[in-house]
file entry_17.csv (CSV, C-alpha atoms (C1' of nucleotides))
chain,number,residue,atom,x,y,z
A,375,MET,CA,0.0,0.0,0.0
A,376,PRO,CA,1.6,3.3,-1.0
A,377,GLU,CA,2.9,5.3,1.9
A,378,LEU,CA,5.6,7.9,1.7
A,379,PRO,CA,8.5,5.8,0.3
A,380,GLU,CA,6.3,4.2,-2.4
A,381,VAL,CA,4.9,7.6,-3.4
A,382,GLU,CA,8.4,9.0,-3.5
A,383,VAL,CA,9.5,6.3,-5.9
A,384,VAL,CA,6.6,7.2,-8.1
A,385,ARG,CA,7.4,10.9,-7.9
A,386,ALA,CA,11.0,10.3,-9.0
A,387,GLY,CA,9.6,8.3,-12.0
A,388,LEU,CA,7.3,11.1,-13.0
A,389,GLN,CA,10.1,13.6,-12.7
A,390,ARG,CA,12.2,11.5,-15.0
A,391,TRP,CA,9.6,10.5,-17.6
A,392,VAL,CA,6.9,13.1,-17.9
A,393,SER,CA,8.2,16.3,-16.4
A,394,GLY,CA,8.8,18.9,-19.1
A,395,ARG,CA,6.4,17.4,-21.5
A,396,GLU,CA,3.2,19.0,-23.0
A,397,ILE,CA,-0.1,17.3,-22.5
A,398,ARG,CA,-2.1,16.7,-25.6
A,399,ALA,CA,-5.3,15.1,-24.2
A,400,VAL,CA,-6.8,13.3,-21.3
A,401,ASP,CA,-9.2,10.3,-21.5
A,402,VAL,CA,-11.3,9.5,-18.4
A,403,LEU,CA,-12.4,5.8,-18.3
A,404,HIS,CA,-13.9,5.8,-14.8
A,405,PRO,CA,-15.6,8.9,-13.3
A,406,ARG,CA,-14.7,8.0,-9.7
A,407,ALA,CA,-11.1,8.5,-10.4
A,408,ILE,CA,-11.8,12.2,-10.9
A,409,ARG,CA,-14.7,12.6,-8.4
A,410,ARG,CA,-13.1,15.6,-6.7
A,411,GLN,CA,-12.6,17.5,-10.0
A,412,GLU,CA,-14.7,20.6,-10.1
A,413,GLY,CA,-16.4,20.8,-13.4
A,414,GLY,CA,-15.8,17.1,-14.1
A,415,VAL,CA,-14.2,15.7,-17.2
A,416,ALA,CA,-14.6,18.9,-19.2
A,417,GLU,CA,-12.7,21.1,-16.7
A,418,LEU,CA,-10.0,18.4,-16.3
A,419,ALA,CA,-9.5,18.3,-20.0
A,420,ALA,CA,-9.6,22.1,-20.4
A,421,GLY,CA,-7.1,22.5,-17.5
A,422,LEU,CA,-4.6,20.1,-19.0
A,423,ARG,CA,-4.7,20.5,-22.8
A,424,GLY,CA,-1.6,22.3,-24.0
A,425,GLN,CA,-0.1,22.6,-20.6
A,426,THR,CA,3.5,21.6,-19.8
A,427,LEU,CA,4.2,19.6,-16.7
A,428,ARG,CA,6.8,21.1,-14.3
A,429,CYS,CA,8.8,19.3,-11.6
A,430,ALA,CA,7.1,16.4,-9.8
A,431,SER,CA,6.6,17.4,-6.2
A,432,ARG,CA,5.4,15.5,-3.1
A,433,ARG,CA,4.3,16.1,0.4
A,434,GLY,CA,3.4,13.0,2.5
A,435,LYS,CA,1.4,10.8,0.1
A,436,TYR,CA,0.2,13.6,-2.2
A,437,LEU,CA,1.9,14.0,-5.6
A,438,TRP,CA,1.6,17.0,-8.0
A,439,LEU,CA,3.1,18.5,-11.1
A,440,PRO,CA,2.6,22.3,-11.6
A,441,LEU,CA,1.2,23.2,-15.0
A,442,VAL,CA,2.4,26.0,-17.3
A,443,GLU,CA,1.3,27.3,-20.7
A,444,PRO,CA,3.9,28.3,-23.3
A,445,GLY,CA,5.3,31.7,-22.5
A,446,ILE,CA,4.0,31.8,-19.0
A,447,ARG,CA,6.5,31.4,-16.2
A,448,GLU,CA,4.6,31.1,-13.0
A,449,PRO,CA,2.2,28.1,-12.6
A,450,GLU,CA,-1.2,28.8,-11.1
A,451,SER,CA,-2.5,25.2,-11.2
A,452,ALA,CA,-1.2,21.7,-10.9
A,453,LEU,CA,-2.1,18.1,-11.8
A,454,ILE,CA,-2.5,16.4,-8.4
A,455,ALA,CA,-2.7,12.7,-7.7
A,456,HIS,CA,-3.3,10.6,-4.7
A,457,LEU,CA,-2.8,6.8,-5.1
A,458,GLY,CA,-5.2,5.9,-2.3
A,459,MET,CA,-4.5,2.2,-1.5
A,460,SER,CA,-4.2,0.7,-5.0
A,461,GLY,CA,-3.4,3.5,-7.4
A,462,GLN,CA,-0.6,3.3,-9.9
A,463,LEU,CA,0.9,5.9,-12.3
A,464,LEU,CA,2.4,4.1,-15.2
A,465,VAL,CA,4.5,5.4,-18.1
A,466,GLU,CA,3.9,3.2,-21.1
A,467,ASP,CA,4.1,3.0,-24.9
A,468,PRO,CA,0.9,4.1,-26.6
A,469,GLY,CA,0.4,0.7,-28.0
A,470,ALA,CA,0.5,-1.2,-24.7
A,471,PRO,CA,-2.8,-3.0,-24.0
A,472,ASP,CA,-5.1,-1.2,-21.5
A,473,GLU,CA,-4.9,-2.4,-17.9
A,474,ALA,CA,-8.0,-4.0,-16.4
A,475,HIS,CA,-8.4,-1.0,-14.0
A,476,LEU,CA,-7.2,1.8,-16.3
A,477,ARG,CA,-9.0,4.9,-15.1
A,478,VAL,CA,-7.3,7.9,-16.8
A,479,ARG,CA,-5.0,8.1,-19.7
A,480,PHE,CA,-2.8,11.2,-20.5
A,481,THR,CA,-1.2,11.6,-23.9
A,482,PHE,CA,1.5,14.0,-24.8
A,483,ALA,CA,2.1,16.4,-27.7
A,484,ASP,CA,5.4,14.7,-28.5
A,485,GLY,CA,3.6,11.4,-29.3
A,486,GLY,CA,5.8,9.5,-27.0
A,487,THR,CA,5.0,7.4,-23.9
A,488,GLU,CA,1.6,8.0,-22.2
A,489,LEU,CA,0.9,8.4,-18.5
A,490,ARG,CA,-1.8,6.1,-17.1
A,491,PHE,CA,-3.6,6.2,-13.8
A,492,VAL,CA,-4.6,2.6,-12.9
A,493,ASP,CA,-6.5,1.9,-9.7
A,494,GLN,CA,-8.3,-1.3,-8.7
A,495,ARG,CA,-10.0,0.0,-5.5
A,496,THR,CA,-10.6,3.5,-6.7
A,497,PHE,CA,-9.7,5.2,-3.4
A,498,GLY,CA,-7.2,7.3,-5.3
A,499,GLY,CA,-7.7,10.0,-7.9
A,500,VAL,CA,-6.4,12.8,-10.1
A,501,ARG,CA,-7.5,16.3,-10.7
A,502,VAL,CA,-6.4,19.8,-11.8
A,503,THR,CA,-6.3,22.1,-8.8
A,504,ALA,CA,-5.2,25.6,-7.9
A,505,LEU,CA,-1.9,26.4,-6.3
A,506,VAL,CA,-2.0,28.6,-3.2
A,507,PRO,CA,0.8,30.2,-1.2
A,508,ASP,CA,2.4,28.1,1.5
A,509,ASP,CA,4.0,29.3,4.8
A,510,ARG,CA,7.5,29.7,3.2
A,511,GLY,CA,6.9,31.7,0.1
A,512,GLY,CA,6.3,28.7,-2.1
A,513,ARG,CA,3.2,27.3,-3.6
A,514,LEU,CA,1.1,24.3,-2.8
A,515,PRO,CA,-2.1,22.7,-4.2
A,516,VAL,CA,-5.0,23.7,-2.1
A,517,GLU,CA,-5.6,20.1,-1.0
A,518,VAL,CA,-2.1,19.8,0.4
A,519,ALA,CA,-2.2,23.1,2.3
A,520,HIS,CA,-3.7,21.4,5.4
A,521,ILE,CA,-1.2,18.4,5.3
A,522,ALA,CA,1.8,18.7,7.6
A,523,ARG,CA,5.4,18.4,6.3
A,524,ASP,CA,6.7,14.8,6.3
A,525,PRO,CA,9.6,13.6,8.2
A,526,LEU,CA,11.9,13.5,5.1
A,527,ASP,CA,11.2,17.2,4.3
A,528,PRO,CA,14.3,19.2,5.1
A,529,GLU,CA,12.0,21.8,6.7
A,530,PHE,CA,10.3,19.3,9.0
A,531,GLU,CA,10.2,21.0,12.4
A,532,GLU,CA,11.1,18.3,14.8
A,533,ASP,CA,10.6,20.2,18.0
A,534,ALA,CA,7.2,21.6,17.0
A,535,VAL,CA,6.0,18.1,15.9
A,536,VAL,CA,7.2,16.5,19.2
A,537,ARG,CA,5.2,19.2,21.1
A,538,ARG,CA,2.2,18.7,18.9
A,539,ILE,CA,2.3,14.9,19.3
A,540,ARG,CA,2.6,15.2,23.1
A,541,SER,CA,-0.4,17.5,23.2
A,542,LYS,CA,-2.7,14.8,21.9
A,543,ASP,CA,-5.0,12.9,24.2
A,544,SER,CA,-5.1,10.0,21.8
A,545,GLU,CA,-3.3,6.7,21.1
A,546,ILE,CA,0.1,7.2,19.6
A,547,LYS,CA,-0.5,5.1,16.5
A,548,ARG,CA,-3.6,7.1,15.7
A,549,VAL,CA,-1.6,10.3,16.0
A,550,LEU,CA,1.1,8.9,13.7
A,551,LEU,CA,-1.5,8.3,11.1
A,552,ASP,CA,-2.9,11.8,11.4
A,553,GLN,CA,-1.6,13.6,8.3
A,554,THR,CA,-2.1,17.0,9.8
A,555,VAL,CA,0.5,16.2,12.5
A,556,ALA,CA,3.2,14.7,10.3
A,557,SER,CA,2.4,13.3,6.9
A,558,GLY,CA,3.5,10.2,4.9
A,559,VAL,CA,3.0,7.6,7.6
A,560,GLY,CA,0.5,4.8,6.9
A,561,ASN,CA,-0.4,1.6,8.7
A,562,ILE,CA,2.6,-0.4,7.7
A,563,TYR,CA,5.4,2.1,8.6
A,564,ALA,CA,3.5,3.1,11.8
A,565,ASP,CA,3.7,-0.5,13.0
A,566,GLU,CA,7.3,-0.7,11.9
A,567,ALA,CA,8.4,2.5,13.6
A,568,LEU,CA,6.6,1.6,16.8
A,569,TRP,CA,8.2,-1.8,16.9
A,570,ARG,CA,11.7,-0.3,16.3
A,571,ALA,CA,11.1,2.3,19.1
A,572,GLY,CA,9.7,-0.3,21.5
A,573,ILE,CA,6.5,1.6,22.0
A,574,HIS,CA,3.0,0.1,22.0
A,575,GLY,CA,0.6,1.8,19.6
A,576,ARG,CA,-2.1,2.1,22.2
A,577,ARG,CA,0.0,4.3,24.5
A,578,ILE,CA,-1.5,7.7,24.9
A,579,ALA,CA,0.6,10.3,23.1
A,580,ARG,CA,0.6,12.9,25.8
A,581,ARG,CA,1.9,10.3,28.3
A,582,LEU,CA,5.0,9.6,26.3
A,583,THR,CA,8.2,11.5,27.2
A,584,ALA,CA,9.8,13.9,24.7
A,585,ALA,CA,12.7,11.5,24.3
A,586,GLN,CA,10.3,8.6,23.4
A,587,VAL,CA,8.6,10.8,20.8
A,588,ARG,CA,11.9,11.9,19.4
A,589,LEU,CA,13.1,8.3,19.2
A,590,LEU,CA,9.8,7.3,17.5
A,591,LEU,CA,10.2,10.1,14.8
A,592,ALA,CA,13.8,9.0,14.3
A,593,GLU,CA,12.6,5.4,13.7
A,594,VAL,CA,9.9,6.6,11.3
A,595,ARG,CA,12.6,8.4,9.3
A,596,THR,CA,14.9,5.4,9.4
A,597,VAL,CA,12.4,2.9,8.3
A,598,MET,CA,11.2,5.1,5.5
A,599,GLU,CA,14.7,5.8,4.2
A,600,GLN,CA,15.4,2.1,4.2
A,601,ALA,CA,12.3,1.3,2.4
A,602,LEU,CA,13.0,4.0,-0.1
A,603,SER,CA,16.5,2.6,-0.8
A,604,GLN,CA,14.9,-0.7,-1.6
A,605,GLY,CA,12.3,0.8,-4.0
A,606,GLY,CA,9.4,0.6,-1.5
A,607,THR,CA,7.2,-2.1,0.0
A,608,SER,CA,4.9,-4.3,-2.1
A,609,PHE,CA,2.7,-7.2,-1.1
A,610,ASP,CA,0.7,-8.0,-4.1
A,611,ALA,CA,1.9,-6.0,-7.1
A,612,LEU,CA,-0.7,-3.3,-6.3
A,613,TYR,CA,2.1,-0.9,-5.6
A,614,VAL,CA,4.6,-0.5,-8.5
A,615,ASN,CA,6.9,2.2,-9.8
A,616,VAL,CA,6.1,4.0,-13.1
A,617,ASN,CA,7.7,1.2,-15.0
A,618,GLY,CA,5.5,-1.4,-13.3
A,619,GLN,CA,8.2,-2.8,-11.0
A,620,SER,CA,7.7,-3.7,-7.3
A,621,GLY,CA,9.9,-2.8,-4.5
A,622,TYR,CA,11.1,-5.4,-2.1
A,623,PHE,CA,11.2,-3.8,1.4
A,624,ASP,CA,8.4,-6.2,2.4
A,625,ARG,CA,11.2,-8.7,3.0
A,626,SER,CA,12.6,-6.4,5.7
A,627,LEU,CA,9.3,-5.9,7.7
A,628,GLU,CA,9.7,-6.7,11.4
A,629,ALA,CA,6.2,-6.4,12.7
A,630,TYR,CA,3.6,-5.7,10.0
A,631,GLY,CA,2.0,-8.9,8.6
A,632,ARG,CA,4.0,-11.2,11.0
A,633,GLU,CA,1.2,-12.4,13.3
A,634,GLY,CA,2.3,-15.7,15.0
A,635,GLU,CA,5.9,-15.4,13.9
A,636,PRO,CA,8.8,-14.8,16.3
A,637,CYS,CA,9.9,-11.2,17.1
A,638,ARG,CA,13.3,-10.9,15.4
A,639,ARG,CA,14.6,-9.0,18.5
A,640,CYS,CA,13.3,-11.1,21.4
A,641,GLY,CA,11.7,-14.2,20.0
A,642,ALA,CA,8.2,-13.6,21.5
A,643,VAL,CA,5.2,-14.3,19.2
A,644,ILE,CA,4.1,-11.2,17.2
A,645,ARG,CA,0.5,-10.3,17.9
A,646,ARG,CA,-2.3,-8.8,15.9
A,647,GLU,CA,-5.4,-6.9,16.8
A,648,ALA,CA,-8.1,-4.9,14.9
A,649,PHE,CA,-7.5,-1.2,14.9
A,650,MET,CA,-9.4,1.5,13.0
A,651,ASN,CA,-10.9,-1.0,10.5
A,652,ARG,CA,-7.4,-2.4,9.8
A,653,SER,CA,-4.8,-4.3,11.8
A,654,SER,CA,-2.0,-3.6,14.2
A,655,PHE,CA,1.0,-5.9,14.7
A,656,TRP,CA,3.3,-5.7,17.7
A,657,CYS,CA,5.6,-7.6,19.9
A,658,PRO,CA,4.1,-8.1,23.4
A,659,VAL,CA,7.5,-8.1,25.0
A,660,CYS,CA,9.4,-5.3,23.2
A,661,GLN,CA,6.3,-3.1,23.2
A,662,ARG,CA,4.7,-3.1,26.6
A,663,ALA,CA,0.9,-2.5,26.5
A,664,PRO,CA,-0.3,0.5,28.5
A,665,ARG,CA,-2.1,-0.2,31.8
A,666,GLY,CA,-5.8,-0.8,31.2
A,667,SER,CA,-5.4,-1.8,27.6
A,668,THR,CA,-7.2,-5.1,27.0
A,669,PRO,CA,-5.0,-7.9,25.6
A,670,SER,CA,-6.4,-9.1,22.4
A,671,ARG,CA,-7.4,-12.7,21.8
A,672,GLY,CA,-5.8,-14.4,24.7
B,139,DC,C1',-12.3,22.7,19.1
B,140,DA,C1',-10.7,17.6,19.7
B,141,DT,C1',-11.4,12.9,19.1
B,142,DA,C1',-13.8,8.5,17.5
B,143,DG,C1',-15.9,5.9,14.2
B,144,DA,C1',-18.1,4.9,9.7
B,145,DT,C1',-17.7,5.0,4.9
B,146,DC,C1',-16.0,4.4,0.2
B,147,DC,C1',-14.2,0.3,-3.2
B,148,DT,C1',-13.1,-4.4,-5.4
B,149,DG,C1',-10.0,-8.5,-5.9
B,150,DT,C1',-8.5,-12.3,-3.3
B,151,DA,C1',-8.7,-15.6,0.3
B,152,DT,C1',-11.2,-18.4,3.4
B,153,DG,C1',-15.2,-20.9,5.5
B,154,DC,C1',-19.3,-23.6,5.2
C,1451,DT,C1',-19.0,-26.2,-6.8
C,1452,DG,C1',-21.1,-22.0,-5.1
C,1453,DC,C1',-22.2,-18.5,-2.1
C,1454,DA,C1',-21.2,-15.5,1.8
C,1455,DT,C1',-18.0,-13.2,4.4
C,1456,DA,C1',-13.6,-11.1,5.9
C,1457,DC,C1',-9.9,-8.4,4.7
C,1458,DA,C1',-6.6,-4.9,2.7
C,1459,DG,C1',-6.6,0.8,4.3
C,1460,DG,C1',-6.0,6.5,3.1
C,1461,DA,C1',-8.8,10.3,3.4
C,1462,DT,C1',-13.0,12.3,4.4
C,1463,DC,C1',-17.2,12.8,6.4
C,1464,DT,C1',-20.4,12.6,10.4
C,1465,DA,C1',-21.2,12.1,15.3
C,1466,DT,C1',-20.2,12.9,20.0
call {"tool": "encode", "arguments": {"input": "entry_17.csv", "output": "structure tokens"}}
result
Amino acid sequence: MPELPEVEVVRAGLQRWVSGREIRAVDVLHPRAIRRQEGGVAELAAGLRGQTLRCASRRGKYLWLPLVEPGIREPESALIAHLGMSGQLLVEDPGAPDEAHLRVRFTFADGGTELRFVDQRTFGGVRVTALVPDDRGGRLPVEVAHIARDPLDPEFEEDAVVRRIRSKDSEIKRVLLDQTVASGVGNIYADEALWRAGIHGRRIARRLTAAQVRLLLAEVRTVMEQALSQGGTSFDALYVNVNGQSGYFDRSLEAYGREGEPCRRCGAVIRREAFMNRSSFWCPVCQRAPRGSTPSRG
DNA sequence: CATAGATCCTGTATGC
DNA sequence: TGCATACAGGATCTAT
């Protein structure tokens, strides 16, 4: 499932293969993929035709490419994409057969490779959106303005984020997944970072020490950087880079998906419990449960 | 305001 | 063999 490292791999692919190219046309094969587009297909097509894509940018799990018309320097809009849980952005030859879940096709004026948005579960989507000023004199898509900087952002404000996390009267895993606190973390890397830091996800954020929160953020950064260096995590080929290749960080996961297997640090059996309509995996020895938390299933 | 929970979506795996 | 159900989970919406 695409979290920050996977989205970053896709961003780099877009930068290499589609940045600098002029869009000729867009073909929407499934309306849900553009459900948040004001004005629907017509406005999407009008907003893209004849525009050139600028540098591929990312914050957390959002991706965008600013759009410029010939002769105009400052972009005022951008093509934005979110992969949801199964979205793919693929760069392919125009003659390649359509994927079963092809949702949107972008073709370019140069007649070269096309960009395809493929999404089985249709939680993701693309749209053209306005760029608005950010807090540092730059510009951001309006959808991204409320998303916090991610831990790999050079301008990530560690101290402020530690304070913000420790102000929350909520379970730490829930806070890690809150994209307005720090972005880019999803269910997999949350479990991995918590395991590495030796912190149970049900601990209340404001009861953690500043040192514990600092350690947790350091582990978030470490696990994401490792995943990125291996091309991201993939379980079922739903996540791929723009060339359709999977990463292999899943071989390095220590907690996520390892229910019933031994903890690689202490040998205890990794546990699993339902959490926010998904699952949490943790080591009952390395990650002590908070008082009053009910042990799950025995 | 802060926090918790439901909802969207479909292919795959599992149980009866 | 077929049908029903559980599961994967990011963002957003509603409820408290």
call {"tool": "residues_around", "arguments": {"input": "entry_17.csv", "residues": "C:DA1458", "least_positions_apart": "2", "cutoff": "10 Å", "atoms": "all atoms listed in the file", "output": "number ranges by chain"}}
result
A: 375, 459-460, 651-653; B: 149-150; C: 1456
call {"tool": "residues_around", "arguments": {"input": "entry_17.csv", "residues": "B:DT152", "least_positions_apart": "5", "cutoff": "12 Å", "atoms": "all atoms listed in the file", "output": "number ranges by chain"}}
result
C: 1454-1457
call {"tool": "interface_residues", "arguments": {"input": "entry_17.csv", "of": "chain A", "to": "chain C", "cutoff": "10 Å", "atoms": "only C-alpha atoms (C1' of nucleotides)", "output": "PDB file with C-alpha atoms, in the coordinates of the input"}}
result
ATOM      1  CA  MET A 375       0.000   0.000   0.000  1.00  0.00           C
ATOM      2  CA  PRO A 376       1.600   3.300  -1.000  1.00  0.00           C
ATOM      3  CA  GLU A 377       2.900   5.300   1.900  1.00  0.00           C
ATOM      4  CA  LYS A 435       1.400  10.800   0.100  1.00  0.00           C
ATOM      5  CA  HIS A 456      -3.300  10.600  -4.700  1.00  0.00           C
ATOM      6  CA  LEU A 457      -2.800   6.800  -5.100  1.00  0.00           C
ATOM      7  CA  GLY A 458      -5.200   5.900  -2.300  1.00  0.00           C
ATOM      8  CA  MET A 459      -4.500   2.200  -1.500  1.00  0.00           C
ATOM      9  CA  SER A 460      -4.200   0.700  -5.000  1.00  0.00           C
ATOM     10  CA  PHE A 497      -9.700   5.200  -3.400  1.00  0.00           C
ATOM     11  CA  GLY A 498      -7.200   7.300  -5.300  1.00  0.00           C
ATOM     12  CA  LEU A 551      -1.500   8.300  11.100  1.00  0.00           C
ATOM     13  CA  GLN A 553      -1.600  13.600   8.300  1.00  0.00           C
ATOM     14  CA  GLY A 560       0.500   4.800   6.900  1.00  0.00           C
ATOM     15  CA  ASN A 561      -0.400   1.600   8.700  1.00  0.00           C
ATOM     16  CA  ILE A 562       2.600  -0.400   7.700  1.00  0.00           C
ATOM     17  CA  MET A 650      -9.400   1.500  13.000  1.00  0.00           C
ATOM     18  CA  ASN A 651     -10.900  -1.000  10.500  1.00  0.00           C
ATOM     19  CA  ARG A 652      -7.400  -2.400   9.800  1.00  0.00           C
ATOM     20  CA  SER A 653      -4.800  -4.300  11.800  1.00  0.00           C
TER      21      SER A 653
END
call {"tool": "atom_distance", "arguments": {"input": "entry_17.csv", "atom1": "atom CA of A:Leu422", "atom2": "atom CA of A:Arg479"}}
result
12.0 Å
call {"tool": "interface_residues", "arguments": {"input": "entry_17.csv", "of": "chain A", "to": "chain B", "cutoff": "12 Å", "atoms": "all atoms listed in the file", "output": "list in words"}}
result
Arg406, Ala407, Arg409, Gly458, Met459, Ser460, Ala474, His475, Asp493, Gln494, Arg495, Thr496, Phe497, Gly498, Ser541, Lys542, Asp543, Ser544, Glu545, Arg548, Val549, Asp552, Asp610, Leu612, Phe649, Met650 and Asn651 of chain A
call {"tool": "atom_distance", "arguments": {"input": "entry_17.csv", "atom1": "atom CA of A:Gln389", "atom2": "atom CA of A:Gln604"}}
result
18.7 Å
call {"tool": "atom_distance", "arguments": {"input": "entry_17.csv", "atom1": "atom CA of A:Arg576", "atom2": "atom CA of A:Leu627"}}
result
20.1 Å
call {"tool": "residues_around", "arguments": {"input": "entry_17.csv", "residues": "A:Glu593", "least_positions_apart": "6", "cutoff": "8 Å", "atoms": "only C-alpha atoms (C1' of nucleotides)", "output": "list in words"}}
result
Ala567, Leu568, Arg570 and Ala571 of chain A
call {"tool": "decode", "arguments": {"input": "entry_17.csv", "residues": "chain C", "atoms": "N, CA, C and O atoms (P, O5', C5', C4', C3', O3' and C1' of nucleotides)", "output": "short mmCIF file (atom, residue, chain, number, x, y, z; two decimals), in the first residue's frame"}}
result
data_model
loop_
_atom_site.label_atom_id
_atom_site.label_comp_id
_atom_site.auth_asym_id
_atom_site.auth_seq_id
_atom_site.Cartn_x
_atom_site.Cartn_y
_atom_site.Cartn_z
P DT C 1451 -15.24 -26.91 -9.49
"O5'" DT C 1451 -16.61 -27.70 -9.02
"C5'" DT C 1451 -17.80 -27.70 -9.76
"C4'" DT C 1451 -18.86 -26.97 -8.96
"C3'" DT C 1451 -18.72 -25.46 -9.05
"O3'" DT C 1451 -19.87 -24.92 -9.71
"C1'" DT C 1451 -18.97 -26.16 -6.76
P DG C 1452 -19.99 -23.30 -9.96
"O5'" DG C 1452 -20.72 -22.79 -8.65
"C5'" DG C 1452 -21.92 -23.41 -8.23
"C4'" DG C 1452 -22.38 -22.72 -6.97
"C3'" DG C 1452 -22.28 -21.19 -7.04
"O3'" DG C 1452 -23.45 -20.63 -6.48
"C1'" DG C 1452 -21.12 -21.97 -5.14
P DC C 1453 -23.94 -19.18 -6.89
"O5'" DC C 1453 -24.24 -18.50 -5.49
"C5'" DC C 1453 -24.84 -19.26 -4.45
"C4'" DC C 1453 -24.25 -18.86 -3.12
"C3'" DC C 1453 -24.09 -17.34 -2.95
"O3'" DC C 1453 -24.98 -16.90 -1.94
"C1'" DC C 1453 -22.20 -18.55 -2.13
P DA C 1454 -25.08 -15.34 -1.57
"O5'" DA C 1454 -24.21 -15.28 -0.23
"C5'" DA C 1454 -24.47 -16.22 0.80
"C4'" DA C 1454 -23.49 -16.00 1.94
"C3'" DA C 1454 -23.30 -14.53 2.31
"O3'" DA C 1454 -23.37 -14.41 3.72
"C1'" DA C 1454 -21.20 -15.53 1.80
P DT C 1455 -23.35 -12.96 4.40
"O5'" DT C 1455 -21.83 -12.87 4.89
"C5'" DT C 1455 -21.29 -13.94 5.66
"C4'" DT C 1455 -19.79 -13.76 5.80
"C3'" DT C 1455 -19.38 -12.33 6.17
"O3'" DT C 1455 -18.67 -12.38 7.39
"C1'" DT C 1455 -18.03 -13.18 4.42
P DA C 1456 -18.17 -11.03 8.13
"O5'" DA C 1456 -16.60 -11.10 7.91
"C5'" DA C 1456 -15.91 -12.32 8.17
"C4'" DA C 1456 -14.44 -12.16 7.82
"C3'" DA C 1456 -13.83 -10.84 8.25
"O3'" DA C 1456 -12.52 -11.11 8.74
"C1'" DA C 1456 -13.60 -11.07 5.91
P DC C 1457 -11.72 -9.95 9.50
"O5'" DC C 1457 -10.77 -9.42 8.35
"C5'" DC C 1457 -9.93 -10.35 7.66
"C4'" DC C 1457 -9.28 -9.67 6.50
"C3'" DC C 1457 -8.81 -8.24 6.80
"O3'" DC C 1457 -7.39 -8.22 6.79
"C1'" DC C 1457 -9.85 -8.43 4.65
P DA C 1458 -6.60 -7.05 7.52
"O5'" DA C 1458 -6.09 -6.16 6.30
"C5'" DA C 1458 -5.14 -6.71 5.40
"C4'" DA C 1458 -5.13 -5.86 4.16
"C3'" DA C 1458 -5.12 -4.36 4.45
"O3'" DA C 1458 -3.77 -3.91 4.58
"C1'" DA C 1458 -6.64 -4.93 2.68
P DG C 1459 -3.39 -2.95 5.74
"O5'" DG C 1459 -4.04 -1.56 5.28
"C5'" DG C 1459 -3.53 -0.90 4.14
"C4'" DG C 1459 -4.33 0.35 3.89
"C3'" DG C 1459 -4.46 1.26 5.12
"O3'" DG C 1459 -4.34 2.60 4.69
"C1'" DG C 1459 -6.57 0.76 4.26
P DG C 1460 -3.02 3.41 5.00
"O5'" DG C 1460 -3.28 4.77 4.25
"C5'" DG C 1460 -3.11 4.85 2.84
"C4'" DG C 1460 -3.84 6.06 2.33
"C3'" DG C 1460 -3.76 7.27 3.24
"O3'" DG C 1460 -3.67 8.42 2.40
"C1'" DG C 1460 -6.02 6.54 3.10
P DA C 1461 -3.60 9.88 3.04
"O5'" DA C 1461 -5.10 10.39 2.97
"C5'" DA C 1461 -5.68 10.56 1.68
"C4'" DA C 1461 -7.15 10.84 1.81
"C3'" DA C 1461 -7.50 12.11 2.59
"O3'" DA C 1461 -8.33 12.86 1.75
"C1'" DA C 1461 -8.78 10.28 3.36
P DT C 1462 -8.79 14.35 2.11
"O5'" DT C 1462 -10.34 14.12 2.46
"C5'" DT C 1462 -11.12 13.33 1.57
"C4'" DT C 1462 -12.44 13.01 2.24
"C3'" DT C 1462 -13.04 14.20 3.02
"O3'" DT C 1462 -14.40 14.23 2.73
"C1'" DT C 1462 -12.97 12.31 4.39
P DC C 1463 -15.20 15.63 2.69
"O5'" DC C 1463 -16.56 15.24 3.42
"C5'" DC C 1463 -17.24 14.04 3.04
"C4'" DC C 1463 -17.86 13.40 4.26
"C3'" DC C 1463 -18.57 14.41 5.18
"O3'" DC C 1463 -19.97 14.16 5.14
"C1'" DC C 1463 -17.25 12.82 6.40
P DT C 1464 -20.98 15.13 5.95
"O5'" DT C 1464 -21.25 14.26 7.28
"C5'" DT C 1464 -21.65 12.91 7.15
"C4'" DT C 1464 -21.73 12.29 8.53
"C3'" DT C 1464 -22.52 13.12 9.57
"O3'" DT C 1464 -23.41 12.24 10.23
"C1'" DT C 1464 -20.37 12.59 10.41
P DA C 1465 -24.43 12.79 11.33
"O5'" DA C 1465 -23.73 12.31 12.67
"C5'" DA C 1465 -23.45 10.94 12.84
"C4'" DA C 1465 -22.78 10.72 14.20
"C3'" DA C 1465 -23.47 11.43 15.37
"O3'" DA C 1465 -23.53 10.50 16.45
"C1'" DA C 1465 -21.20 12.06 15.28
P DT C 1466 -24.47 10.84 17.72
"O5'" DT C 1466 -23.38 11.21 18.82
"C5'" DT C 1466 -22.41 10.24 19.20
"C4'" DT C 1466 -21.31 10.91 20.00
"C3'" DT C 1466 -21.81 11.72 21.20
"O3'" DT C 1466 -21.19 11.24 22.38
"C1'" DT C 1466 -20.18 12.92 19.98
#
